[in-house]
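coords.pdb (PDB, C-alpha atoms)
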ATOM      1  CA  MET A 104       0.000   0.000   0.000
ATOM      2  CA  THR A 105       1.429   3.335  -1.056
ATOM      3  CA  THR A 106       1.852   6.027   1.546
ATOM      4  CA  GLU A 107       2.118   8.795  -1.027
ATOM      5  CA  LYS A 108      -0.136  11.694  -0.031
ATOM      6  CA  SER A 109      -1.773  12.206  -3.410
ATOM      7  CA  LEU A 110      -5.496  11.489  -3.175
ATOM      8  CA  ILE A 111      -8.261  14.065  -3.461
ATOM      9  CA  ASP A 112     -11.416  13.420  -1.455
ATOM     10  CA  CYS A 113     -14.215  14.548  -3.775
ATOM     11  CA  HIS A 114     -17.005  14.278  -1.192
ATOM     12  CA  VAL A 115     -16.497  16.339   1.973
ATOM     13  CA  HIS A 116     -19.367  18.355   3.420
ATOM     14  CA  LEU A 117     -18.858  21.936   4.538
ATOM     15  CA  ALA A 118     -21.202  22.465   7.476
ATOM     16  CA  ALA A 119     -21.965  25.937   8.761
ATOM     17  CA  LEU A 120     -24.335  27.776  11.022
ATOM     18  CA  PRO A 121     -25.828  31.030   9.701
ATOM     19  CA  ASP A 122     -23.783  33.925  11.050
ATOM     20  CA  GLY A 123     -25.592  36.788   9.329
ATOM     21  CA  ASP A 124     -22.848  37.124   6.738
ATOM     22  CA  ASN A 125     -22.140  33.708   5.146
ATOM     23  CA  GLY A 126     -25.433  33.281   3.279
ATOM     24  CA  CYS A 127     -26.160  29.944   4.964
ATOM     25  CA  TYR A 128     -29.516  28.830   6.339
ATOM     26  CA  ILE A 129     -30.880  26.075   8.610
ATOM     27  CA  SER A 130     -34.604  25.614   9.116
ATOM     28  CA  PRO A 131     -36.066  25.520  12.635
ATOM     29  CA  LYS A 132     -37.123  21.909  11.995
ATOM     30  CA  MET A 133     -33.564  20.961  11.009
ATOM     31  CA  LEU A 134     -32.134  22.673  14.090
ATOM     32  CA  LYS A 135     -34.263  20.400  16.263
ATOM     33  CA  SER A 136     -33.525  17.189  14.353
ATOM     34  CA  PRO A 137     -31.606  14.375  16.115
ATOM     35  CA  LEU A 138     -29.011  14.292  13.330
ATOM     36  CA  PHE A 139     -28.201  17.971  13.620
ATOM     37  CA  ARG A 140     -28.059  17.811  17.399
ATOM     38  CA  PHE A 141     -25.686  14.845  17.121
ATOM     39  CA  LEU A 142     -23.424  16.804  14.746
ATOM     40  CA  LEU A 143     -23.277  19.706  17.185
ATOM     41  CA  TRP A 144     -22.482  17.345  20.059
ATOM     42  CA  LYS A 145     -19.885  15.308  18.183
ATOM     43  CA  HIS A 146     -17.927  18.362  17.079
ATOM     44  CA  ALA A 147     -18.574  20.325  20.292
ATOM     45  CA  LEU A 148     -20.155  23.157  18.334
ATOM     46  CA  LYS A 149     -22.038  25.920  20.116
ATOM     47  CA  PRO A 150     -25.072  27.053  18.090
ATOM     48  CA  ASP A 151     -25.252  30.340  19.995
ATOM     49  CA  LYS A 152     -21.761  31.216  18.721
ATOM     50  CA  PRO A 153     -22.007  30.504  14.980
ATOM     51  CA  ARG A 154     -18.733  32.095  13.856
ATOM     52  CA  GLU A 155     -16.735  30.169  16.453
ATOM     53  CA  ALA A 156     -18.605  26.968  15.647
ATOM     54  CA  ASN A 157     -18.015  27.331  11.912
ATOM     55  CA  GLN A 158     -14.308  27.917  12.419
ATOM     56  CA  LYS A 159     -14.035  24.962  14.785
ATOM     57  CA  TYR A 160     -15.680  22.639  12.262
ATOM     58  CA  LEU A 161     -13.215  23.842   9.638
ATOM     59  CA  ASP A 162     -10.241  23.546  11.991
ATOM     60  CA  ASP A 163     -11.213  19.976  12.895
ATOM     61  CA  LEU A 164     -11.472  19.079   9.223
ATOM     62  CA  LEU A 165      -8.105  20.618   8.374
ATOM     63  CA  THR A 166      -6.404  18.925  11.330
ATOM     64  CA  GLU A 167      -7.602  15.500  10.217
ATOM     65  CA  LEU A 168      -6.843  16.194   6.557
ATOM     66  CA  ARG A 169      -3.306  17.369   7.312
ATOM     67  CA  ALA A 170      -2.697  14.278   9.431
ATOM     68  CA  SER A 171      -3.779  11.919   6.644
ATOM     69  CA  ARG A 172      -1.101   9.732   5.086
ATOM     70  CA  HIS A 173      -2.942   9.396   1.784
ATOM     71  CA  VAL A 174      -5.249  12.374   1.184
ATOM     72  CA  GLN A 175      -3.813  15.743   0.288
ATOM     73  CA  LYS A 176      -6.929  17.730  -0.641
ATOM     74  CA  ALA A 177     -10.661  17.768  -0.012
ATOM     75  CA  VAL A 178     -13.484  19.104  -2.154
ATOM     76  CA  LEU A 179     -15.823  21.077   0.093
ATOM     77  CA  LEU A 180     -19.456  20.591  -0.904
ATOM     78  CA  GLY A 181     -22.091  23.277  -0.674
ATOM     79  CA  MET A 182     -25.843  22.696  -0.486
ATOM     80  CA  ASP A 183     -28.288  24.715  -2.553
ATOM     81  CA  GLY A 184     -31.912  25.167  -1.549
ATOM     82  CA  VAL A 185     -35.319  24.347  -3.006
ATOM     83  CA  TYR A 186     -36.627  26.591  -5.804
ATOM     84  CA  ASP A 187     -40.205  27.197  -6.915
ATOM     85  CA  GLN A 188     -41.585  26.968 -10.456
ATOM     86  CA  ASN A 189     -40.442  30.540 -11.086
ATOM     87  CA  GLY A 190     -36.888  29.664 -10.123
ATOM     88  CA  ARG A 191     -36.931  31.610  -6.876
ATOM     89  CA  LEU A 192     -35.591  30.261  -3.595
ATOM     90  CA  ASP A 193     -38.336  28.568  -1.594
ATOM     91  CA  GLN A 194     -37.084  28.958   1.957
ATOM     92  CA  THR A 195     -40.240  27.343   3.372
ATOM     93  CA  HIS A 196     -39.216  23.999   1.884
ATOM     94  CA  THR A 197     -35.455  24.451   2.310
ATOM     95  CA  ASP A 198     -33.984  22.718   5.342
ATOM     96  CA  PHE A 199     -30.303  23.388   4.873
ATOM     97  CA  LEU A 200     -28.356  25.790   2.666
ATOM     98  CA  ILE A 201     -24.581  26.208   2.453
ATOM     99  CA  SER A 202     -24.011  29.099   0.077
ATOM    100  CA  ASN A 203     -21.648  28.950  -2.870
ATOM    101  CA  ASP A 204     -20.014  32.189  -1.765
ATOM    102  CA  TYR A 205     -19.137  30.600   1.581
ATOM    103  CA  VAL A 206     -17.770  27.476  -0.134
ATOM    104  CA  LEU A 207     -15.682  29.522  -2.562
ATOM    105  CA  LYS A 208     -14.394  31.864   0.154
ATOM    106  CA  THR A 209     -13.418  28.955   2.407
ATOM    107  CA  ALA A 210     -11.611  27.079  -0.362
ATOM    108  CA  GLN A 211      -9.787  30.230  -1.438
ATOM    109  CA  ALA A 212      -8.549  30.721   2.129
ATOM    110  CA  TYR A 213      -6.810  27.304   2.080
ATOM    111  CA  PRO A 214      -5.873  26.771  -1.588
ATOM    112  CA  THR A 215      -3.320  24.005  -0.998
ATOM    113  CA  GLU A 216      -5.774  21.818   0.901
ATOM    114  CA  LEU A 217      -9.352  22.715   0.023
ATOM    115  CA  LEU A 218     -11.261  22.862  -3.258
ATOM    116  CA  ALA A 219     -14.694  24.303  -3.984
ATOM    117  CA  GLY A 220     -17.561  21.961  -4.811
ATOM    118  CA  VAL A 221     -20.430  24.379  -5.276
ATOM    119  CA  SER A 222     -24.096  23.395  -5.328
ATOM    120  CA  ILE A 223     -26.463  24.655  -8.032
ATOM    121  CA  ASN A 224     -30.064  23.545  -8.216
ATOM    122  CA  PRO A 225     -30.845  23.611 -11.969
ATOM    123  CA  GLN A 226     -34.358  24.806 -11.116
ATOM    124  CA  ARG A 227     -33.050  28.223 -10.074
ATOM    125  CA  ARG A 228     -33.625  30.890 -12.714
ATOM    126  CA  ASP A 229     -29.985  31.975 -12.726
ATOM    127  CA  ALA A 230     -28.594  28.416 -12.765
ATOM    128  CA  ILE A 231     -26.562  28.802 -15.960
ATOM    129  CA  ASP A 232     -25.168  32.180 -14.908
ATOM    130  CA  GLU A 233     -24.227  30.613 -11.571
ATOM    131  CA  VAL A 234     -22.361  27.822 -13.375
ATOM    132  CA  HIS A 235     -20.209  30.369 -15.179
ATOM    133  CA  ARG A 236     -19.764  32.557 -12.090
ATOM    134  CA  CYS A 237     -18.609  29.644  -9.955
ATOM    135  CA  ALA A 238     -16.376  28.230 -12.700
ATOM    136  CA  ASP A 239     -14.679  31.611 -13.030
ATOM    137  CA  ALA A 240     -14.219  31.691  -9.238
ATOM    138  CA  GLY A 241     -12.376  28.346  -9.239
ATOM    139  CA  ALA A 242     -15.037  25.715  -8.529
ATOM    140  CA  VAL A 243     -13.974  22.171  -9.472
ATOM    141  CA  LEU A 244     -17.410  20.499  -9.528
ATOM    142  CA  VAL A 245     -21.136  21.039  -8.941
ATOM    143  CA  LYS A 246     -22.915  18.939  -6.278
ATOM    144  CA  VAL A 247     -26.672  18.348  -6.092
ATOM    145  CA  LEU A 248     -29.008  16.345  -3.894
ATOM    146  CA  PRO A 249     -32.215  15.985  -5.946
ATOM    147  CA  ASN A 250     -34.129  14.191  -3.161
ATOM    148  CA  ALA A 251     -33.868  17.206  -0.842
ATOM    149  CA  GLN A 252     -33.601  19.955  -3.462
ATOM    150  CA  GLN A 253     -36.836  18.699  -5.025
ATOM    151  CA  PHE A 254     -35.982  18.531  -8.707
ATOM    152  CA  ASN A 255     -35.894  15.750 -11.261
ATOM    153  CA  PRO A 256     -32.452  15.505 -12.941
ATOM    154  CA  ALA A 257     -34.100  13.897 -15.987
ATOM    155  CA  ASP A 258     -36.334  16.888 -16.757
ATOM    156  CA  PRO A 259     -35.564  17.986 -20.364
ATOM    157  CA  LYS A 260     -35.761  21.659 -19.407
ATOM    158  CA  TYR A 261     -32.376  21.259 -17.701
ATOM    159  CA  ARG A 262     -30.555  20.456 -20.959
ATOM    160  CA  PRO A 263     -29.026  23.973 -21.226
ATOM    161  CA  PHE A 264     -27.769  23.650 -17.646
ATOM    162  CA  TYR A 265     -26.004  20.382 -18.423
ATOM    163  CA  ARG A 266     -24.547  21.852 -21.605
ATOM    164  CA  ALA A 267     -23.118  24.701 -19.540
ATOM    165  CA  LEU A 268     -21.490  22.198 -17.176
ATOM    166  CA  ALA A 269     -20.003  20.371 -20.161
ATOM    167  CA  GLU A 270     -18.752  23.632 -21.652
ATOM    168  CA  ARG A 271     -17.037  24.656 -18.407
ATOM    169  CA  LYS A 272     -15.812  21.088 -17.763
ATOM    170  CA  LEU A 273     -17.406  21.007 -14.332
ATOM    171  CA  PRO A 274     -18.348  17.474 -13.215
ATOM    172  CA  PHE A 275     -21.909  16.997 -12.022
ATOM    173  CA  LEU A 276     -21.781  15.146  -8.677
ATOM    174  CA  SER A 277     -25.261  13.920  -7.806
ATOM    175  CA  HIS A 278     -26.519  12.056  -4.766
ATOM    176  CA  VAL A 279     -27.818   8.583  -5.556
ATOM    177  CA  GLY A 280     -30.124   6.414  -3.474
ATOM    178  CA  TYR A 281     -32.153   7.046  -0.366
ATOM    179  CA  GLU A 282     -31.430  10.245   1.542
ATOM    180  CA  PHE A 283     -31.617  10.161   5.342
ATOM    181  CA  SER A 284     -30.004  13.408   6.453
ATOM    182  CA  LEU A 285     -32.423  16.063   5.230
ATOM    183  CA  ILE A 286     -36.131  16.421   5.692
ATOM    184  CA  GLY A 287     -39.011  16.586   3.203
ATOM    185  CA  LYS A 288     -37.738  14.906   0.043
ATOM    186  CA  ASP A 289     -38.840  12.864  -2.973
ATOM    187  CA  GLN A 290     -36.761   9.687  -2.850
ATOM    188  CA  SER A 291     -37.720   8.655  -6.391
ATOM    189  CA  VAL A 292     -35.397  11.242  -7.972
ATOM    190  CA  GLY A 293     -32.348   9.566  -6.425
ATOM    191  CA  GLY A 294     -32.127   6.875  -9.101
ATOM    192  CA  PRO A 295     -28.971   6.876 -11.259
ATOM    193  CA  ASP A 296     -31.078   6.421 -14.409
ATOM    194  CA  ARG A 297     -32.145  10.059 -13.948
ATOM    195  CA  LEU A 298     -28.560  11.124 -14.715
ATOM    196  CA  GLN A 299     -28.591   9.917 -18.312
ATOM    197  CA  LEU A 300     -29.826  13.286 -19.624
ATOM    198  CA  ALA A 301     -26.748  15.037 -18.223
ATOM    199  CA  LEU A 302     -24.547  12.378 -19.799
ATOM    200  CA  ASP A 303     -26.282  12.774 -23.154
ATOM    201  CA  GLU A 304     -25.550  16.502 -23.043
ATOM    202  CA  GLY A 305     -21.833  15.812 -22.588
ATOM    203  CA  ALA A 306     -21.445  16.540 -18.879
ATOM    204  CA  THR A 307     -19.065  14.454 -16.800
ATOM    205  CA  VAL A 308     -21.275  12.815 -14.181
ATOM    206  CA  ILE A 309     -20.193  11.456 -10.795
ATOM    207  CA  ALA A 310     -22.834   9.355  -9.046
ATOM    208  CA  ALA A 311     -22.377   9.613  -5.300
ATOM    209  CA  HIS A 312     -22.049   6.573  -3.028
ATOM    210  CA  ALA A 313     -21.225   4.276  -5.974
ATOM    211  CA  CYS A 314     -24.928   4.165  -6.893
ATOM    212  CA  SER A 315     -25.796   2.320  -3.686
ATOM    213  CA  HIS A 316     -29.458   2.424  -2.718
ATOM    214  CA  GLY A 317     -28.868   2.999   0.975
ATOM    215  CA  LEU A 318     -31.572   0.788   2.486
ATOM    216  CA  MET A 319     -29.531  -2.401   3.092
ATOM    217  CA  LEU A 320     -32.183  -4.636   1.539
ATOM    218  CA  TYR A 321     -30.655  -5.063  -1.894
ATOM    219  CA  GLU A 322     -28.667  -3.017  -4.400
ATOM    220  CA  LYS A 323     -31.181  -2.488  -7.188
ATOM    221  CA  PHE A 324     -29.037   0.165  -8.881
ATOM    222  CA  LEU A 325     -26.063  -2.112  -9.574
ATOM    223  CA  PRO A 326     -27.258  -3.095 -13.093
ATOM    224  CA  THR A 327     -27.878   0.578 -13.907
ATOM    225  CA  PHE A 328     -24.388   1.513 -12.733
ATOM    226  CA  LEU A 329     -22.764  -1.194 -14.830
ATOM    227  CA  ASP A 330     -24.842  -0.212 -17.858
ATOM    228  CA  LEU A 331     -24.065   3.504 -17.609
ATOM    229  CA  ALA A 332     -20.356   2.791 -17.093
ATOM    230  CA  LYS A 333     -20.363   0.634 -20.211
ATOM    231  CA  ARG A 334     -22.178   3.155 -22.401
ATOM    232  CA  TYR A 335     -20.701   6.460 -21.184
ATOM    233  CA  PRO A 336     -16.930   6.929 -20.835
ATOM    234  CA  HIS A 337     -17.588  10.136 -18.877
ATOM    235  CA  PHE A 338     -19.686   8.433 -16.196
ATOM    236  CA  TYR A 339     -18.067   7.914 -12.772
ATOM    237  CA  ALA A 340     -19.116   7.189  -9.193
ATOM    238  CA  ASP A 341     -17.523   8.087  -5.891
ATOM    239  CA  ILE A 342     -17.007   5.615  -3.045
ATOM    240  CA  SER A 343     -18.173   7.975  -0.305
ATOM    241  CA  ALA A 344     -20.162   6.417   2.550
ATOM    242  CA  LEU A 345     -19.618   2.888   1.150
ATOM    243  CA  THR A 346     -18.375   1.596   4.516
ATOM    244  CA  LEU A 347     -21.610   2.581   6.273
ATOM    245  CA  PRO A 348     -23.687  -0.428   7.354
ATOM    246  CA  ASN A 349     -26.561   0.565   5.054
ATOM    247  CA  ARG A 350     -24.320   0.864   1.976
ATOM    248  CA  PHE A 351     -21.449  -1.612   2.265
ATOM    249  CA  ARG A 352     -23.348  -4.284   0.343
ATOM    250  CA  MET A 353     -22.562  -2.272  -2.792
ATOM    251  CA  LEU A 354     -18.885  -2.187  -1.814
ATOM    252  CA  LEU A 355     -18.911  -5.978  -1.641
ATOM    253  CA  HIS A 356     -20.722  -6.278  -4.986
ATOM    254  CA  LEU A 357     -18.247  -3.976  -6.714
ATOM    255  CA  ARG A 358     -15.298  -6.125  -5.652
ATOM    256  CA  ASP A 359     -16.604  -8.620  -8.204
ATOM    257  CA  HIS A 360     -16.628  -6.031 -10.998
ATOM    258  CA  PRO A 361     -13.022  -4.928 -11.508
ATOM    259  CA  GLU A 362     -13.988  -3.709 -14.982
ATOM    260  CA  VAL A 363     -15.563  -0.598 -13.397
ATOM    261  CA  HIS A 364     -12.940   0.127 -10.739
ATOM    262  CA  ASP A 365     -11.376   2.754 -12.993
ATOM    263  CA  ARG A 366     -14.727   4.597 -12.788
ATOM    264  CA  LEU A 367     -14.647   4.810  -8.992
ATOM    265  CA  LEU A 368     -13.349   7.994  -7.371
ATOM    266  CA  PHE A 369     -12.143   8.396  -3.806
ATOM    267  CA  GLY A 370     -14.481  10.093  -1.335
ATOM    268  CA  THR A 371     -15.486   9.740   2.314
ATOM    269  CA  ASP A 372     -18.715  11.710   2.968
ATOM    270  CA  TYR A 373     -16.952  13.521   5.845
ATOM    271  CA  PRO A 374     -18.006  14.231   8.605
ATOM    272  CA  LEU A 375     -19.723  10.824   8.610
ATOM    273  CA  SER A 376     -17.860   7.972  10.242
ATOM    274  CA  VAL A 377     -15.904   5.322   8.343
ATOM    275  CA  PHE A 378     -16.644   1.770   9.496
ATOM    276  CA  HIS A 379     -14.543  -1.389   9.176
ATOM    277  CA  LEU A 380     -17.481  -3.786   9.572
ATOM    278  CA  ALA A 381     -17.434  -4.827   5.902
ATOM    279  CA  ALA A 382     -13.863  -6.095   6.299
ATOM    280  CA  TRP A 383     -14.595  -8.511   9.150
ATOM    281  CA  VAL A 384     -13.879 -12.150   8.127
ATOM    282  CA  ARG A 385     -12.995 -10.874   4.641
ATOM    283  CA  VAL A 386      -9.424  -9.712   5.292
ATOM    284  CA  ALA A 387      -6.495 -11.116   7.269
ATOM    285  CA  PHE A 388      -6.529 -10.429  11.001
ATOM    286  CA  GLY A 389      -3.432  -8.230  10.806
ATOM    287  CA  THR A 390      -5.007  -6.122   8.069
ATOM    288  CA  LEU A 391      -8.203  -5.746  10.065
ATOM    289  CA  ARG A 392      -6.228  -4.799  13.163
ATOM    290  CA  ASP A 393      -4.524  -2.015  11.215
ATOM    291  CA  MET A 394      -7.904  -0.751   9.996
ATOM    292  CA  ILE A 395      -9.242  -0.654  13.543
ATOM    293  CA  ARG A 396      -6.172   1.200  14.774
ATOM    294  CA  THR A 397      -6.459   3.780  11.983
ATOM    295  CA  LYS A 398      -8.456   6.612  13.531
ATOM    296  CA  ASN A 399      -8.026   9.104  10.681
ATOM    297  CA  ARG A 400     -11.230   8.825   8.627
ATOM    298  CA  PHE A 401      -9.550   9.595   5.322
ATOM    299  CA  ASP A 402      -6.941   6.907   5.874
ATOM    300  CA  ARG A 403      -9.437   4.373   7.196
ATOM    301  CA  GLN A 404     -11.519   4.782   4.023
ATOM    302  CA  VAL A 405      -8.393   4.041   1.997
ATOM    303  CA  ALA A 406      -7.487   1.075   4.202
ATOM    304  CA  VAL A 407     -10.919  -0.580   4.151
ATOM    305  CA  CYS A 408     -11.484  -0.191   0.411
ATOM    306  CA  ARG A 409      -7.981  -1.263  -0.559
ATOM    307  CA  GLY A 410      -8.065  -4.090   1.972
ATOM    308  CA  LEU A 411     -11.206  -5.380   0.284
ATOM    309  CA  LYS A 412      -9.526  -5.068  -3.138
ATOM    310  CA  LEU A 413     -11.809  -2.288  -4.312
ATOM    311  CA  GLY A 414      -9.896  -0.224  -6.844
ATOM    312  CA  PHE A 415     -10.459   3.518  -7.166
ATOM    313  CA  ARG A 416      -8.939   6.649  -8.640
ATOM    314  CA  SER A 417      -8.660  10.300  -7.605
ATOM    315  CA  LEU A 418     -10.617  13.263  -8.946
ATOM    316  CA  GLY A 419      -7.404  14.724 -10.340
ATOM    317  CA  ASP A 420      -7.095  11.717 -12.655
ATOM    318  CA  ILE A 421     -10.205  12.687 -14.606
ATOM    319  CA  VAL A 422     -10.463  16.473 -14.298
ATOM    320  CA  THR A 423      -8.044  19.051 -15.643
ATOM    321  CA  HIS A 424      -7.967  22.013 -13.276
ATOM    322  CA  PRO A 425      -5.001  24.091 -12.048
ATOM    323  CA  GLN A 426      -5.867  23.569  -8.370
ATOM    324  CA  LEU A 427      -6.171  19.809  -8.761
ATOM    325  CA  SER A 428      -2.574  19.512  -9.872
ATOM    326  CA  GLN A 429      -1.073  21.711  -7.138
ATOM    327  CA  ARG A 430       0.852  19.855  -4.439
ATOM    328  CA  PRO A 431       0.941  21.111  -0.844
TER     329      PRO A 431
END

Can you present the structure in this file as structure tokens?
Amino acid sequence: MTTEKSLIDCHVHLAALPDGDNGCYISPKMLKSPLFRFLLWKHALKPDKPREANQKYLDDLLTELRASRHVQKAVLLGMDGVYDQNGRLDQTHTDFLISNDYVLKTAQAYPTELLAGVSINPQRRDAIDEVHRCADAGAVLVKVLPNAQQFNPADPKYRPFYRALAERKLPFLSHVGYEFSLIGKDQSVGGPDRLQLALDEGATVIAAHACSHGLMLYEKFLPTFLDLAKRYPHFYADISALTLPNRFRMLLHLRDHPEVHDRLLFGTDYPLSVFHLAAWVRVAFGTLRDMIRTKNRFDRQVAVCRGLKLGFRSLGDIVTHPQLSQRP
């Protein structure tokens, strides 16, 4: 196993409390949710001191990233809101919003370690202008979560949006499968088949969580993943969250499909935990012991996936961008 610090984590969430200046938003319902309260507790964040809390979250992330033996950079992901039929922000149905300006500003403050993964809901009326604005500001990809952002990626009216992404060479990273974290969503739009329109318009597409469904019962999206990988050379998937108990079945399936390992990109889904459960009885005891002793989440993701013989690449292998080639 190489110890070269060269990987880019393409799936790291930038969490932030609204501070009156960063353009972020959290709904009252979300503030009371068990998941959000757990995040505050786990990171010892004080909601009554948003600026301090936001900096602490960032400091914790940077500390762990800098300590990693394998990962040199992380793509910070924003989270756009829900938009109405007129393309205006619908705050009533938006639970969580991490603004693109905050993502871009944060990445620019730490250019050797952090990259900007902005979020643009194609339903917004200025979506195409926002693609160009963010590309000019240094964004390396666009992240969406259709289930929570309440749009259908397969809607033909988004063709111009996908063409803009293709023109600016910004990968389209879309959540796939069931979404647990946010409230009030349409789970049906999380299917990877909905991403074919973006592929047909020439956009590079990255399906999050390796197209896993996320409900542990069975991986119904595996045939779709294999089909899209076969038909579209610009279709990829990240391995974020694949060690979670509800998703590791896909990890185990993909071990048997080495023909698509060159389409898998490294990601963790930070700040979520990285589990070693999938490796039990499937790797040598010494290898498992090393996984258990590895506390750094970036390195544990590497250790578990490589230990299970799951091949993957780094975002910098498929995207040409000045910041992706810079070494710390």

For this session: Dig up all the protein and nucleic acid residues within 12 Å of (-14.1, -1.4, 9.9) in the file frame, using only C-alpha atoms, and format them as a VMD selection string.
Result: chain A and resid 345 to 348 351 376 to 386 388 390 to 398 400 402 to 408 410 to 411

Problem set entry | Shell around segment 125-130 of chain A at 7 Å using all atoms listed in the file, local window under 4 positions removed, as JSON, numbers by chain | {"A": [119, 120, 121, 134, 197, 198, 199, 200, 201, 202, 205]}

Seminar exercise, completed: atom CA of His114 of chain A sits from atom CA of Phe139 of chain A at a separation of 18.9 Å

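Counting from atom CA of Leu217 of chain A, the distance to atom CA of Pro137 of chain A is 28.7 Å.
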
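In this model, the gap between atom CA of Leu207 of chain A and atom CA of Leu117 of chain A comes to 10.9 Å.
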
For this session: Convert the output of the PyMOL selection byres ((chain A and resi 303) around 12) on the shown file into explicit residues, formatted as number ranges by chain.
Result: A: 257, 259, 261-263, 265-266, 269, 296-302, 304-308, 331, 334-338
